[in-house]
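See structure below.
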Amino acid sequence: MGRWFSRVGLFAMEAIRVTTEVTSSYRRVGELGCQPKIGAVIADKRSRILYPAPCAQVDALPWRGLIWLDGCTGKIPAHGSEMEIYSPELGTSSMTMSFGAKPRLLFLFQGFAVLMGLASTVAALPVAALSFGCYGAAMFLGRVRPLRGAYEFLSRAYDRVIDCLGQRVLRDSRDAPALRLMGSLSLTAVPILVIQLVVGKPRLLLAVAFYFSLYGLKFQRFVRMFSASHLEAHRRQGFFSEKYDKVFGRYLEFFLGYLYGNIPELGRTAHVCLHHRENSGPEDTRNTLGYDRTSRLDFLWYLSDNIWTVLGLAPYAYFKARGDEKNRRRMLWGMTRYYAYFGAVFIYDWRIGTMFVLVPLLCMNFINAITAWVQHAFCDPERPEDYFANSVTVMDEVNFMNEGYHLCHHHRASLHWTEMPAHFERIRDRMREAGSLVFRDLDFMGLFVELTLLHRMDVVAEKLVPWEPMNHEQRLALLAKRTSLRTS
């Protein structure tokens, strides 16, 4: 565990060098002093921030980035090769199109994103130390038989209560694990925040208890929250039956999500109507095309850019560019509610706002970026739009609500989570043809640590379950091709 944290620290230190690169790069843009053609934009390969540039002068820029011509086919240089991708709306949905030829504003815009990326890394470090430290303490205390027995007794009793309650309040009693999570958070994180607001003066012990109640041991509670909220977003009526839906409708996303820094409508609207429409393709606000998924520095760029999605601004721009008024209004209303909550707590006490609102928001950005980074990390450079190729399946002992069957979920998002393993068997032949990647004894967090943070490709190759017999070198070659976008 100590080695893990030291690697995270090195990642943070290496990331600081990016600010210098950003400064010099954007100054170069200003020095070009040229007027762009209408509809022509260029973006850094590590960022979706677009800035105007004449097509004739693209090669003169210090980037080897992504080029889009509004309404026509753009070419993505991919380490010496090119892919043709039709992207008519991507440029217009960019967060920076309104800046026109204003490099100073662009510099401030990107500088803020990089700052938020660095801040997210710094905020996640103490939370990770607490989560993994408590896990170590729990493992130690678990060796004490009376304590272990008491915990198991209380856990079984709580499960019986939840099962009985689920029969009455849930639309589908199979969703009892989600109800268990809702109960746990409602009995811990919510009262802690209320107590802190009543007490007024910030209390460090309350903040520590709040973080532990949100993230749990080894971030397992956050993983459960992510999985349950994800599935709730795909339910038209949520988890609760009609009688209770009027009070507890979308309880995870529209109530408990505030505590995690999760803006309302990022699930029901942005995830369902954007991500599942684009399937992490070129027009998805969370796609990883153009990034080296084995590079810590590339992840920093991705993390920095991800803040616009976490804040709801990138999905809002996407729906506005497409003329999707229903989802645009939903995103606007969700952002308005969260920003009001954020501002109200900061006005009440900026110190409480920092510890109980800002830190969870930054941690949400960090962990959310990790998840999006690895769930579609192994896209096929010859078929970047094929979600069968770019969606990862992971299987480990802690696969809460079958979240690891990510490809099955993209293929049949409405399918109940308990039916995912059977669906996996039904589509095995198609997965084999598409070259879908499956990993065993590895979760998404572990995949990120091994693939990007520690860059231990040997470990990732050992966890890979190939469809045809492959030796270790062949596995490494496959992983290299699917993570760096090399086509030759």
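Letters for chains follow the order of the structure tokens (A, B, ...), residue numbers begin at 1 for each chain, and ligand numbers begin at 1 in the order shown.
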
So that each row is one residue of range 215-302 of chain A with an atom at most 10 Å from range 353-373 of chain A, can you give its shortest atom pair and the distance in Å to one decimal, using only C-alpha atoms, rows by chain and rising number, as a Markdown table?
| residue | atom | partner | partner_atom | distance |
| --- | --- | --- | --- | --- |
| A:Tyr215 | CA | A:Pro360 | CA | 9.8 |
| A:Phe219 | CA | A:Ile367 | CA | 9.6 |
| A:Phe222 | CA | A:Ile367 | CA | 9.1 |
| A:Val223 | CA | A:Ile367 | CA | 9.4 |
| A:Phe226 | CA | A:Asn368 | CA | 8.9 |
| A:Tyr258 | CA | A:Val357 | CA | 8.3 |
| A:Leu259 | CA | A:Val357 | CA | 7.0 |
| A:Tyr260 | CA | A:Pro360 | CA | 5.2 |
| A:Gly261 | CA | A:Leu361 | CA | 4.0 |
| A:Asn262 | CA | A:Met364 | CA | 7.0 |
| A:Ile263 | CA | A:Leu361 | CA | 9.2 |
| A:Ser280 | CA | A:Ala372 | CA | 8.9 |
| A:Arg286 | CA | A:Ala372 | CA | 6.7 |
| A:Asn287 | CA | A:Ala372 | CA | 7.8 |
| A:Thr288 | CA | A:Trp373 | CA | 6.5 |
| A:Tyr291 | CA | A:Trp373 | CA | 9.6 |
| A:Arg293 | CA | A:Trp373 | CA | 7.4 |
| A:Phe299 | CA | A:Trp373 | CA | 7.9 |
| A:Leu300 | CA | A:Ala369 | CA | 9.6 |
| A:Tyr302 | CA | A:Ala369 | CA | 7.3 |

Could you turn the residues from that selection into a file that holds C-alpha atoms, as a JSON list (two decimals), in the first residue's frame?
[["chain", "number", "residue", "atom", "x", "y", "z"],
["A", 215, "TYR", "CA", -15.95, 6.03, 0.48],
["A", 219, "PHE", "CA", -13.29, 2.92, -1.83],
["A", 222, "PHE", "CA", -18.02, 4.63, -3.49],
["A", 223, "VAL", "CA", -17.86, 1.72, -5.95],
["A", 226, "PHE", "CA", -21.36, 4.36, -8.45],
["A", 258, "TYR", "CA", -25.14, 15.74, -3.70],
["A", 259, "LEU", "CA", -22.90, 14.39, -0.94],
["A", 260, "TYR", "CA", -20.54, 12.87, -3.52],
["A", 261, "GLY", "CA", -20.41, 15.94, -5.77],
["A", 262, "ASN", "CA", -22.54, 14.21, -8.40],
["A", 263, "ILE", "CA", -24.69, 16.75, -10.23],
["A", 280, "SER", "CA", -17.34, 6.27, -26.07],
["A", 286, "ARG", "CA", -15.67, 11.08, -22.16],
["A", 287, "ASN", "CA", -13.95, 9.26, -24.99],
["A", 288, "THR", "CA", -10.26, 8.37, -24.62],
["A", 291, "TYR", "CA", -4.73, 9.46, -25.38],
["A", 293, "ARG", "CA", -3.91, 5.03, -21.75],
["A", 299, "PHE", "CA", -4.32, 10.79, -17.74],
["A", 300, "LEU", "CA", -3.68, 14.17, -16.13],
["A", 302, "TYR", "CA", -7.90, 13.61, -19.42]]

I'd like the contact shell of Val438 in chain A - 7 Å cut-off, only C-alpha atoms, skipping same-chain residues fewer than 4 positions apart - returned as a PDB file with N, CA and C atoms, in the first residue's frame.
ATOM      1  N   VAL A 392     -14.650  -2.721 -21.895  1.00  0.00           N
ATOM      2  CA  VAL A 392     -13.898  -3.720 -21.140  1.00  0.00           C
ATOM      3  C   VAL A 392     -14.826  -4.507 -20.208  1.00  0.00           C
ATOM      4  N   THR A 393     -14.557  -5.790 -20.072  1.00  0.00           N
ATOM      5  CA  THR A 393     -15.250  -6.642 -19.102  1.00  0.00           C
ATOM      6  C   THR A 393     -14.250  -7.091 -18.051  1.00  0.00           C
ATOM      7  N   VAL A 394     -14.565  -6.836 -16.782  1.00  0.00           N
ATOM      8  CA  VAL A 394     -13.688  -7.276 -15.690  1.00  0.00           C
ATOM      9  C   VAL A 394     -14.499  -8.126 -14.728  1.00  0.00           C
ATOM     10  N   LEU A 464      -5.388 -10.944 -18.513  1.00  0.00           N
ATOM     11  CA  LEU A 464      -6.182 -11.002 -19.742  1.00  0.00           C
ATOM     12  C   LEU A 464      -6.627 -12.432 -20.032  1.00  0.00           C
ATOM     13  N   VAL A 465      -7.888 -12.571 -20.419  1.00  0.00           N
ATOM     14  CA  VAL A 465      -8.435 -13.876 -20.799  1.00  0.00           C
ATOM     15  C   VAL A 465      -8.652 -13.857 -22.308  1.00  0.00           C
TER      16      VAL A 465
END

Range 211-313 of chain A near range 398-417 of chain A within 10 Å: what's each residue's closest atom pair and its distance in Å to one decimal, counting only C-alpha atoms, ordered by chain then ascending residue number, as a tab-separated table?
residue	atom	partner	partner_atom	distance
A:Gln220	CA	A:Val398	CA	8.7
A:Val223	CA	A:Phe400	CA	7.8
A:Arg224	CA	A:Phe400	CA	6.2
A:Met225	CA	A:Phe400	CA	9.6
A:Phe226	CA	A:Glu403	CA	9.1
A:Ser227	CA	A:Glu403	CA	6.0
A:Ala228	CA	A:Met401	CA	7.3
A:His230	CA	A:Glu403	CA	8.9
A:Leu231	CA	A:Trp417	CA	8.0
A:His234	CA	A:Ser414	CA	6.6
A:Arg235	CA	A:Ser414	CA	7.5
A:Arg236	CA	A:Ser414	CA	9.6
A:Val272	CA	A:Ala413	CA	8.9
A:His275	CA	A:His410	CA	9.6
A:His276	CA	A:His410	CA	6.8
A:Arg277	CA	A:His410	CA	9.7
A:Asn279	CA	A:His410	CA	7.5

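Computed from the coordinates, the CA of Tyr251 in chain A to CA of Lys201 in chain A distance equals 28.8 Å.
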
Practice problem: Grab the CA of Phe248 in chain A to CA of Leu193 in chain A distance for me, in Å with one decimal place. | Solution: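 Atom-to-atom, CA of Phe248 in chain A and CA of Leu193 in chain A are spaced 19.4 Å apart.
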
Practice problem: Quick one: pick out all helix (DSSP H, G or I) residues within range 305-391 of chain A from a backbone DSSP run and write them as an NGL selection string. | Solution: :A and (305-310 or 313-322 or 325-348 or 350-375 or 387-390)

Quiz item: Using only C-alpha atoms, which residues sit within 12 Å of Arg430 in chain A once same-chain residues fewer than 3 positions away are excluded, as number ranges by chain?
Solution: A: 386-389, 407-408, 411, 423-427, 433-436, 467

Quiz item: Using only C-alpha atoms, which residues sit within 9 Å of Gly183 in chain A once same-chain residues fewer than 5 positions away are excluded, as a PyMOL selection string?
Solution: chain A and resi 162+178+188

Quick one: write out the picked residues with N, CA and C atoms as a short mmCIF file (atom, residue, chain, number, x, y, z; two decimals), in the first residue's frame?
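File written: result01.cif
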data_model
loop_
_atom_site.label_atom_id
_atom_site.label_comp_id
_atom_site.auth_asym_id
_atom_site.auth_seq_id
_atom_site.Cartn_x
_atom_site.Cartn_y
_atom_site.Cartn_z
N ILE A 162 -33.23 -5.46 5.48
CA ILE A 162 -33.27 -4.88 4.14
C ILE A 162 -34.07 -5.77 3.20
N ALA A 178 -28.93 -2.37 -3.54
CA ALA A 178 -28.99 -0.91 -3.68
C ALA A 178 -29.70 -0.29 -2.49
N THR A 188 -25.56 7.29 8.05
CA THR A 188 -24.20 7.72 8.41
C THR A 188 -23.85 9.09 7.82
#

Practice problem: Write out as a list in words the residues lying within 9 Å of Leu179 in chain A, counting only C-alpha atoms and excluding same-chain residues fewer than 3 positions away. | Solution: Ile162, Asp163, Leu165, Gly166, Leu170, Asp175, Ala176, Met182, Gly183, Ser184, Ala228 and Phe239 of chain A

Output N, CA and C atoms for every residue in that selection, as a CSV table (one decimal), in the first residue's frame.
chain,number,residue,atom,x,y,z
A,162,ILE,N,-33.2,-5.5,5.5
A,162,ILE,CA,-33.3,-4.9,4.1
A,162,ILE,C,-34.1,-5.8,3.2
A,163,ASP,N,-33.9,-7.1,3.3
A,163,ASP,CA,-34.6,-8.0,2.4
A,163,ASP,C,-36.1,-7.9,2.7
A,165,LEU,N,-37.7,-5.3,4.0
A,165,LEU,CA,-38.1,-4.0,3.6
A,165,LEU,C,-38.2,-3.9,2.0
A,166,GLY,N,-37.2,-4.5,1.4
A,166,GLY,CA,-37.2,-4.5,-0.1
A,166,GLY,C,-38.4,-5.1,-0.7
A,170,LEU,N,-39.5,-1.8,-3.0
A,170,LEU,CA,-38.9,-1.8,-4.2
A,170,LEU,C,-39.7,-2.4,-5.4
A,175,ASP,N,-33.2,-5.9,-6.3
A,175,ASP,CA,-32.4,-4.7,-6.1
A,175,ASP,C,-32.1,-4.3,-4.6
A,176,ALA,N,-32.3,-5.3,-3.8
A,176,ALA,CA,-32.0,-5.1,-2.3
A,176,ALA,C,-30.6,-4.6,-2.0
A,182,MET,N,-28.4,2.6,0.2
A,182,MET,CA,-29.2,3.8,0.5
A,182,MET,C,-29.4,3.9,2.0
A,183,GLY,N,-29.7,2.8,2.7
A,183,GLY,CA,-29.9,2.8,4.1
A,183,GLY,C,-28.6,3.2,4.9
A,184,SER,N,-27.5,2.6,4.5
A,184,SER,CA,-26.2,2.8,5.1
A,184,SER,C,-25.8,4.3,5.0
A,228,ALA,N,-24.8,1.4,-8.1
A,228,ALA,CA,-26.2,1.5,-7.9
A,228,ALA,C,-26.8,2.7,-8.5
A,239,PHE,N,-35.7,2.8,-8.5
A,239,PHE,CA,-35.7,1.5,-7.8
A,239,PHE,C,-37.1,1.3,-7.0

Quiz prompt | Exercise: Leu332 in chain A partners within 10 Å, only C-alpha atoms, chain neighbours under 5 positions left out, as a list in words | solution =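 The residues satisfying every condition are Pro264, Glu265, Gly312, Leu313, Pro315, Tyr316, Asn327 and Arg337 of chain A.
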
Quiz prompt | Interatomic distance, CA of Glu278 in chain A to CA of Asn390 in chain A (Å, one decimal) | solution = 12.0 Å

Exercise. Report as a list of chain:residue names: the residues of range 82-276 of chain A with a DSSP assignment of strand (DSSP E), based on the backbone of this structure.
Key: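 Answer for range 82-276 of chain A, restricted to strand (DSSP E): A:Glu82, A:Met83, A:Glu84, A:Ile85, A:Tyr86.
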